[in-house]
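*Asks:* File model.tsv follows (TSV, C-alpha atoms):
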chain	number	residue	atom	x	y	z
E	276	MET	CA	-23.85	-56.92	48.44
E	277	ARG	CA	-24.20	-58.47	44.99
E	278	ASP	CA	-25.50	-55.15	43.60
E	279	ALA	CA	-22.52	-53.34	45.12
E	280	ARG	CA	-20.10	-55.75	43.43
E	281	ARG	CA	-21.88	-55.15	40.13
E	282	PHE	CA	-21.38	-51.38	40.44
E	283	LEU	CA	-17.77	-51.46	41.65
E	284	PRO	CA	-15.72	-52.25	38.48
E	285	PRO	CA	-17.36	-49.69	36.15
E	286	ALA	CA	-17.49	-47.09	38.94
E	287	VAL	CA	-13.77	-47.48	39.65
E	288	LEU	CA	-12.91	-47.34	35.94
E	289	LEU	CA	-15.04	-44.23	35.42
E	290	GLY	CA	-13.52	-42.61	38.51
E	291	VAL	CA	-10.01	-43.21	37.18
E	292	LEU	CA	-10.93	-41.77	33.78
E	293	VAL	CA	-12.59	-38.70	35.29
E	294	ALA	CA	-9.58	-38.10	37.54
E	295	TYR	CA	-7.31	-38.46	34.51
E	296	ALA	CA	-9.42	-35.98	32.52
E	297	VAL	CA	-9.47	-33.43	35.34
E	298	VAL	CA	-6.09	-33.71	37.03
E	299	VAL	CA	-3.68	-34.27	34.12
E	300	PRO	CA	-4.61	-31.08	32.17
E	301	LEU	CA	-4.24	-29.05	35.39
E	302	LEU	CA	-0.79	-30.47	36.04
E	303	ALA	CA	0.30	-30.19	32.40
E	304	GLY	CA	-0.69	-26.55	32.07
E	305	PRO	CA	-1.30	-24.88	28.69
E	306	THR	CA	-0.60	-27.02	25.66
E	307	THR	CA	2.19	-25.85	23.39
E	308	VAL	CA	3.34	-26.80	19.92
E	309	ASP	CA	6.84	-28.28	19.89
E	310	PHE	CA	7.96	-29.18	16.37
E	311	ALA	CA	11.24	-30.46	17.77
E	312	ALA	CA	9.35	-33.32	19.46
E	313	THR	CA	6.95	-34.43	16.74
E	314	LEU	CA	5.70	-38.02	16.41
E	315	ARG	CA	7.81	-39.42	19.20
E	316	PRO	CA	6.78	-42.93	20.31
E	317	PRO	CA	5.66	-43.67	23.87
E	318	SER	CA	8.42	-43.16	26.41
E	319	PRO	CA	8.80	-42.26	30.10
E	320	ALA	CA	8.80	-38.58	29.11
E	321	HIS	CA	5.72	-38.99	26.91
E	322	PRO	CA	3.72	-42.06	28.02
E	323	PHE	CA	1.33	-41.77	25.05
E	324	GLY	CA	3.94	-40.36	22.67
E	325	THR	CA	3.49	-37.09	20.74
E	326	ASP	CA	1.52	-36.10	17.66
E	327	HIS	CA	2.64	-34.32	14.48
E	328	SER	CA	2.51	-30.95	16.27
E	329	GLY	CA	4.61	-32.11	19.20
E	330	HIS	CA	1.68	-32.22	21.66
E	331	ASP	CA	2.18	-34.58	24.56
E	332	LEU	CA	-0.65	-37.05	23.90
E	333	PHE	CA	-0.93	-38.06	27.55
E	334	ALA	CA	-2.14	-34.55	28.36
E	335	TRP	CA	-3.81	-33.97	24.99
E	336	VAL	CA	-5.97	-37.12	25.27
E	337	ALA	CA	-6.94	-36.10	28.82
E	338	ARG	CA	-8.16	-32.76	27.50
E	339	GLY	CA	-10.03	-34.53	24.72
E	340	LEU	CA	-11.68	-36.91	27.16
E	341	ARG	CA	-12.77	-34.01	29.36
E	342	VAL	CA	-14.35	-32.20	26.41
E	343	SER	CA	-16.06	-35.37	25.15
E	344	LEU	CA	-17.50	-36.21	28.57
E	345	VAL	CA	-18.81	-32.68	29.11
E	346	ILE	CA	-20.43	-32.66	25.68
E	347	ALA	CA	-21.90	-36.12	26.19
E	348	LEU	CA	-23.30	-35.33	29.63
E	349	GLY	CA	-24.82	-32.05	28.42
E	350	CYS	CA	-26.41	-33.77	25.42
E	351	ALA	CA	-27.77	-36.57	27.58
E	352	VAL	CA	-29.32	-34.13	30.07
E	353	VAL	CA	-31.02	-32.14	27.29
E	354	ALA	CA	-32.24	-35.28	25.50
E	355	VAL	CA	-33.67	-36.75	28.70
E	356	ALA	CA	-35.34	-33.46	29.66
E	357	VAL	CA	-37.02	-33.22	26.24
E	358	GLY	CA	-37.95	-36.90	26.30
E	359	VAL	CA	-39.51	-36.67	29.75
E	360	ALA	CA	-41.49	-33.56	28.78
E	361	VAL	CA	-42.79	-35.17	25.57
E	362	GLY	CA	-43.57	-38.48	27.26
E	363	ALA	CA	-45.36	-36.73	30.12
E	364	LEU	CA	-47.43	-34.66	27.68
E	365	ALA	CA	-48.50	-37.74	25.73
E	366	ALA	CA	-49.26	-39.86	28.80
E	367	SER	CA	-51.09	-37.19	30.79
E	368	ARG	CA	-53.28	-35.88	27.98
E	369	GLY	CA	-53.99	-39.12	26.11
E	370	GLY	CA	-56.37	-39.38	23.17
E	371	LEU	CA	-55.59	-37.27	20.10
E	372	VAL	CA	-52.71	-35.44	21.80
E	373	ASP	CA	-51.07	-38.75	22.65
E	374	ALA	CA	-51.51	-40.03	19.09
E	375	VAL	CA	-50.11	-36.89	17.45
E	376	VAL	CA	-47.18	-36.55	19.85
E	377	MET	CA	-46.15	-40.17	19.45
E	378	ARG	CA	-46.41	-40.05	15.66
E	379	VAL	CA	-44.07	-37.05	15.68
E	380	THR	CA	-41.77	-38.94	18.03
E	381	ASP	CA	-41.77	-41.96	15.70
E	382	GLY	CA	-41.03	-39.68	12.75
E	383	VAL	CA	-37.99	-38.14	14.44
E	384	ASN	CA	-36.80	-41.56	15.59
E	385	ALA	CA	-37.06	-42.91	12.04
E	386	LEU	CA	-34.61	-40.34	10.70
E	387	PRO	CA	-30.99	-41.53	10.44
E	388	HIS	CA	-29.30	-40.07	13.50
E	389	LEU	CA	-25.93	-39.47	11.92
E	390	LEU	CA	-27.44	-37.89	8.81
E	391	LEU	CA	-29.60	-35.55	10.89
E	392	GLY	CA	-26.60	-34.65	13.04
E	393	ILE	CA	-24.54	-33.86	9.94
E	394	VAL	CA	-27.30	-31.59	8.64
E	395	VAL	CA	-27.47	-29.66	11.93
E	396	VAL	CA	-23.72	-29.13	12.36
E	397	ALA	CA	-23.29	-28.27	8.68
E	398	PHE	CA	-25.12	-24.99	9.29
E	399	PHE	CA	-22.86	-24.10	12.23
E	400	PRO	CA	-19.44	-25.73	11.61
E	401	GLY	CA	-17.17	-25.85	14.61
E	402	SER	CA	-19.91	-24.75	17.03
E	403	LEU	CA	-20.04	-26.57	20.36
E	404	VAL	CA	-23.74	-25.69	20.74
E	405	ALA	CA	-24.50	-27.11	17.29
E	406	VAL	CA	-22.71	-30.36	18.08
E	407	MET	CA	-24.63	-30.74	21.34
E	408	ALA	CA	-27.94	-29.85	19.68
E	409	SER	CA	-27.37	-32.33	16.85
E	410	ILE	CA	-26.87	-35.14	19.37
E	411	ALA	CA	-29.69	-34.16	21.74
E	412	VAL	CA	-32.26	-33.75	18.97
E	413	THR	CA	-31.68	-37.30	17.75
E	414	HIS	CA	-31.78	-39.10	21.10
E	415	TRP	CA	-34.86	-37.85	22.93
E	416	PRO	CA	-37.48	-40.05	21.14
E	417	GLN	CA	-36.29	-43.24	22.84
E	418	VAL	CA	-36.56	-41.56	26.23
E	419	ALA	CA	-40.03	-40.25	25.40
E	420	ARG	CA	-41.31	-43.74	24.55
E	421	VAL	CA	-39.90	-45.29	27.73
E	422	VAL	CA	-41.25	-42.48	29.92
E	423	ARG	CA	-44.67	-42.60	28.26
E	424	ALA	CA	-44.96	-46.37	28.77
E	425	GLU	CA	-44.05	-46.04	32.45
E	426	MET	CA	-46.47	-43.18	32.98
E	427	LEU	CA	-49.33	-44.96	31.22
E	428	ALA	CA	-48.90	-47.90	33.60
E	429	VAL	CA	-49.07	-45.54	36.58
E	430	ARG	CA	-51.97	-43.53	35.15
E	431	SER	CA	-54.20	-46.61	35.22
E	432	SER	CA	-53.47	-47.30	38.90
E	433	ALA	CA	-56.03	-46.92	41.67
E	434	TYR	CA	-54.23	-44.12	43.51
E	435	VAL	CA	-54.12	-41.96	40.38
E	436	ASP	CA	-57.88	-42.55	39.89
E	437	ALA	CA	-58.36	-41.50	43.50
E	438	ALA	CA	-56.37	-38.33	42.89
E	439	TYR	CA	-58.60	-37.42	39.94
E	440	LEU	CA	-61.71	-38.12	42.04
E	441	ALA	CA	-60.30	-35.84	44.74
E	442	GLY	CA	-60.20	-32.98	42.23
E	443	ALA	CA	-56.58	-33.09	41.08
E	444	GLY	CA	-55.94	-31.78	37.58
E	445	ARG	CA	-53.79	-33.34	34.88
E	446	LEU	CA	-50.82	-31.10	35.65
E	447	GLN	CA	-50.95	-31.91	39.36
E	448	VAL	CA	-51.24	-35.64	38.70
E	449	ALA	CA	-48.34	-35.49	36.26
E	450	ARG	CA	-46.19	-33.53	38.70
E	451	GLU	CA	-46.99	-35.58	41.82
E	452	HIS	CA	-47.45	-39.09	40.42
E	453	LEU	CA	-46.48	-39.63	36.79
E	454	VAL	CA	-43.11	-37.86	36.64
E	455	PRO	CA	-41.82	-39.33	39.96
E	456	ALA	CA	-42.79	-42.81	38.77
E	457	ALA	CA	-40.82	-42.37	35.55
E	458	THR	CA	-37.79	-40.72	37.18
E	459	PRO	CA	-35.81	-43.96	37.78
E	460	GLN	CA	-36.20	-44.95	34.12
E	461	ALA	CA	-35.24	-41.44	33.04
E	462	LEU	CA	-32.07	-41.57	35.15
E	463	VAL	CA	-31.11	-44.93	33.65
E	464	ALA	CA	-31.72	-43.46	30.19
E	465	LEU	CA	-29.49	-40.52	31.11
E	466	VAL	CA	-26.62	-42.83	32.01
E	467	MET	CA	-27.11	-45.01	28.93
E	468	LEU	CA	-27.23	-42.00	26.61
E	469	VAL	CA	-23.82	-40.72	27.68
E	470	PRO	CA	-21.79	-43.37	25.79
E	471	HIS	CA	-24.05	-42.93	22.74
E	472	ALA	CA	-23.38	-39.20	22.84
E	473	VAL	CA	-19.63	-39.76	23.22
E	474	TRP	CA	-19.53	-41.89	20.08
E	475	HIS	CA	-21.85	-39.55	18.18
E	476	GLU	CA	-19.61	-36.57	18.93
E	477	ALA	CA	-16.52	-38.62	18.09
E	478	THR	CA	-18.05	-39.62	14.75
E	479	LEU	CA	-18.94	-36.05	13.82
E	480	SER	CA	-15.49	-34.81	14.77
E	481	PHE	CA	-13.83	-37.73	12.96
E	482	LEU	CA	-15.71	-36.69	9.82
E	483	GLY	CA	-14.39	-33.14	10.27
E	484	LEU	CA	-17.85	-31.77	11.15
E	485	GLY	CA	-17.48	-31.41	14.88
E	486	LEU	CA	-15.13	-29.28	16.91
E	487	PRO	CA	-12.05	-27.68	15.31
E	488	PRO	CA	-8.71	-29.43	15.91
E	489	ASP	CA	-7.55	-26.78	18.39
E	490	ARG	CA	-10.46	-27.73	20.70
E	491	ALA	CA	-9.41	-31.30	21.32
E	492	SER	CA	-12.05	-33.98	21.81
E	493	LEU	CA	-11.53	-37.68	21.36
E	494	GLY	CA	-13.16	-37.41	17.95
E	495	THR	CA	-10.87	-34.65	16.73
E	496	LEU	CA	-7.82	-36.56	17.98
E	497	LEU	CA	-8.92	-39.61	16.02
E	498	GLU	CA	-9.51	-37.49	12.92
E	499	VAL	CA	-6.05	-35.90	13.15
E	500	ALA	CA	-4.47	-39.30	13.77
E	501	ARG	CA	-5.60	-40.64	10.38
E	502	GLY	CA	-2.68	-38.97	8.64
E	503	ASP	CA	-0.17	-39.76	11.39
E	504	VAL	CA	-0.94	-43.48	11.31
E	505	LEU	CA	0.09	-43.64	7.66
E	506	THR	CA	3.59	-42.59	8.72
E	507	GLY	CA	3.77	-45.42	11.27
E	508	ALA	CA	2.78	-43.37	14.32
E	509	TRP	CA	0.27	-45.95	15.58
E	510	TRP	CA	0.14	-44.44	19.07
E	511	THR	CA	-1.63	-41.29	17.84
E	512	LEU	CA	-4.66	-43.45	17.05
E	513	ALA	CA	-4.32	-46.25	19.57
E	514	PHE	CA	-4.40	-44.22	22.79
E	515	PRO	CA	-7.36	-41.91	21.98
E	516	ALA	CA	-9.29	-44.93	20.67
E	517	ALA	CA	-8.48	-46.95	23.80
E	518	VAL	CA	-9.63	-44.13	26.09
E	519	LEU	CA	-12.82	-43.76	24.04
E	520	VAL	CA	-13.56	-47.48	24.39
E	521	LEU	CA	-12.77	-47.48	28.12
E	522	ALA	CA	-15.06	-44.50	28.74
E	523	THR	CA	-17.85	-46.25	26.86
E	524	VAL	CA	-17.34	-49.49	28.80
E	525	ALA	CA	-17.32	-47.65	32.15
E	526	VAL	CA	-20.49	-45.64	31.60
E	527	SER	CA	-22.35	-48.49	29.88
E	528	GLY	CA	-21.35	-50.80	32.72
E	529	LEU	CA	-22.83	-48.40	35.26
E	530	GLY	CA	-26.04	-48.20	33.26
E	531	ARG	CA	-26.37	-51.98	33.00
E	532	ALA	CA	-25.63	-52.39	36.71
E	533	TRP	CA	-28.32	-49.82	37.54
E	534	GLN	CA	-30.82	-51.58	35.30
E	535	GLY	CA	-29.96	-54.92	36.85
E	536	ALA	CA	-30.34	-53.53	40.37
E	537	GLY	CA	-33.70	-51.97	39.44
E	538	HIS	CA	-35.01	-55.32	38.17
E	539	GLY	CA	-33.64	-57.24	41.09
E	540	ALA	CA	-31.15	-59.11	38.92
Take the structure in this file and express it as structure tokens.
*Replies:*
Amino acid sequence: MRDARRFLPPAVLLGVLVAYAVVVPLLAGPTTVDFAATLRPPSPAHPFGTDHSGHDLFAWVARGLRVSLVIALGCAVVAVAVGVAVGALAASRGGLVDAVVMRVTDGVNALPHLLLGIVVVAFFPGSLVAVMASIAVTHWPQVARVVRAEMLAVRSSAYVDAAYLAGAGRLQVAREHLVPAATPQALVALVMLVPHAVWHEATLSFLGLGLPPDRASLGTLLEVARGDVLTGAWWTLAFPAAVLVLATVAVSGLGRAWQGAGHGA
């Protein structure tokens, strides 16, 4: 019961945000530019106000949230898949392979994530694939280390020794024992990586290196709002930023609740 109460608040918040990101754009229909309704403050007609192009920010932020969540989830899945594969290779082979793989992992992890992301997207400006790749390539080392540690603990267990004595090969042991043992940690890492990926994408877009403005994400909305805020249109920055923070709190809360449940907290 206590675990259920721990999950409930972030789950409800995330459910509301996902419903907002999915339902509102469908009801709003295609976005249109309306220069007769530019920079209007929040009102019953426009709950989040409008931007300098006349976009209704209530619908525009919903579209941005949907794009940011899809990008973040895709990046997290790729990063976890790479991390699990690398961690499984290091743990199952051991010896020189383990040492080389982990030194490469440490080398990638030592690189500044934002700088590496900027380098990747600079070659393919405005590319969704490049944005996702730049985030995924900087976040798999942490997953690899966690997965490797979990698998090494399992590899030294008696039932894995028995499997080797029964004639099982490294691949079979990894598939039947090591990977299943590390799956819970990998799933927690997946959840915890989503808010990191959301902020990473938002940062790249805020710097003008992510998606183009016509493909709204929370980052591009924040980047566009920089100029609007100087004219007093505070709502163009406040609402996208608030939704970004709420999405981070919801997903991070789920991850912490999962970790707490896994450790019996």
*Asks:* State, in Å with one decimal place, the distance from atom CA of E:Ser480 to atom CA of E:Ala311.
*Replies:*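 Atom CA of E:Ala311 lies 27.2 Å from atom CA of E:Ser480.
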*Asks:* Per residue of stretch 449-522 of chain E within 12 Å of stretch 314-326 of chain E, record the nearest atom pair and its distance in Å to one decimal, counting all atoms listed in the file, with rows in chain order and ascending residue number, as a Markdown table.
*Replies:*
| residue | atom | partner | partner_atom | distance |
| --- | --- | --- | --- | --- |
| E:Leu496 | CA | E:Asp326 | CA | 9.4 |
| E:Leu497 | CA | E:Asp326 | CA | 11.1 |
| E:Val499 | CA | E:Asp326 | CA | 8.8 |
| E:Ala500 | CA | E:Asp326 | CA | 7.8 |
| E:Arg501 | CA | E:Asp326 | CA | 11.1 |
| E:Gly502 | CA | E:Asp326 | CA | 10.4 |
| E:Asp503 | CA | E:Asp326 | CA | 7.5 |
| E:Val504 | CA | E:Leu314 | CA | 10.0 |
| E:Leu505 | CA | E:Leu314 | CA | 11.8 |
| E:Thr506 | CA | E:Leu314 | CA | 9.2 |
| E:Gly507 | CA | E:Leu314 | CA | 9.2 |
| E:Ala508 | CA | E:Leu314 | CA | 6.4 |
| E:Trp509 | CA | E:Pro316 | CA | 8.6 |
| E:Trp510 | CA | E:Gly324 | CA | 6.6 |
| E:Thr511 | CA | E:Asp326 | CA | 6.1 |
| E:Leu512 | CA | E:Asp326 | CA | 9.6 |
| E:Ala513 | CA | E:Phe323 | CA | 9.1 |
| E:Phe514 | CA | E:Phe323 | CA | 6.6 |
| E:Pro515 | CA | E:Phe323 | CA | 9.2 |
| E:Ala516 | CA | E:Phe323 | CA | 11.9 |
| E:Ala517 | CA | E:Phe323 | CA | 11.2 |
| E:Val518 | CA | E:Phe323 | CA | 11.3 |
*Asks:* One decimal, in Å: what's the spacing between atom CA of E:Leu391 and atom CA of E:Ala408?
*Replies:*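 About the pair atom CA of E:Leu391 and atom CA of E:Ala408: they are 10.6 Å apart.
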*Asks:* Rank E:Cys350, E:Ala405, E:Val379, E:Pro455 by their smallest atom-to-atom distance to E:His471, using all atoms listed in the file, and report the top residue only.
*Replies:*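 Once distances to E:His471 are computed over all atoms listed in the file, the minimum belongs to E:Cys350.
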*Asks:* For E:Val404, work out the shell of residues within 12 Å, counting all atoms listed in the file and skipping chain neighbours fewer than 6 positions away, then give it as a PDB file with C-alpha atoms, in the coordinates of the input.
*Replies:*
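As a result, out18.pdb now contains:
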ATOM      1  CA  VAL E 345     -18.810 -32.680  29.110  1.00  0.00           C
ATOM      2  CA  ILE E 346     -20.430 -32.660  25.680  1.00  0.00           C
ATOM      3  CA  ALA E 347     -21.900 -36.120  26.190  1.00  0.00           C
ATOM      4  CA  GLY E 349     -24.820 -32.050  28.420  1.00  0.00           C
ATOM      5  CA  CYS E 350     -26.410 -33.770  25.420  1.00  0.00           C
ATOM      6  CA  VAL E 353     -31.020 -32.140  27.290  1.00  0.00           C
ATOM      7  CA  VAL E 395     -27.470 -29.660  11.930  1.00  0.00           C
ATOM      8  CA  VAL E 396     -23.720 -29.130  12.360  1.00  0.00           C
ATOM      9  CA  PHE E 398     -25.120 -24.990   9.290  1.00  0.00           C
ATOM     10  CA  ILE E 410     -26.870 -35.140  19.370  1.00  0.00           C
ATOM     11  CA  ALA E 411     -29.690 -34.160  21.740  1.00  0.00           C
ATOM     12  CA  VAL E 412     -32.260 -33.750  18.970  1.00  0.00           C
ATOM     13  CA  GLU E 476     -19.610 -36.570  18.930  1.00  0.00           C
ATOM     14  CA  GLY E 485     -17.480 -31.410  14.880  1.00  0.00           C
ATOM     15  CA  LEU E 486     -15.130 -29.280  16.910  1.00  0.00           C
TER      16      LEU E 486
END
*Asks:* Env of E:Ala464: 9 Å cut, atoms = all atoms listed in the file, seq-sep filter 5 positions within chain, self excluded. Answer as a VMD selection string.
*Replies:* chain E and resid 351 355 417 to 418 421 459 469 530
*Asks:* Calculate how many Å separate atom CA of E:Asp373 from atom CA of E:Glu425, rounding to one decimal.
*Replies:*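 Answer for the atom CA of E:Asp373 to atom CA of E:Glu425 separation: 14.1 Å.
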*Asks:* Looking at E:Val376, E:Met407, E:Val297, E:Leu468, which one is nearest to E:Ala360, with distances taken over all atoms listed in the file?
*Replies:*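 When distances to E:Ala360 are compared using all atoms listed in the file, the smallest one comes from E:Val376.
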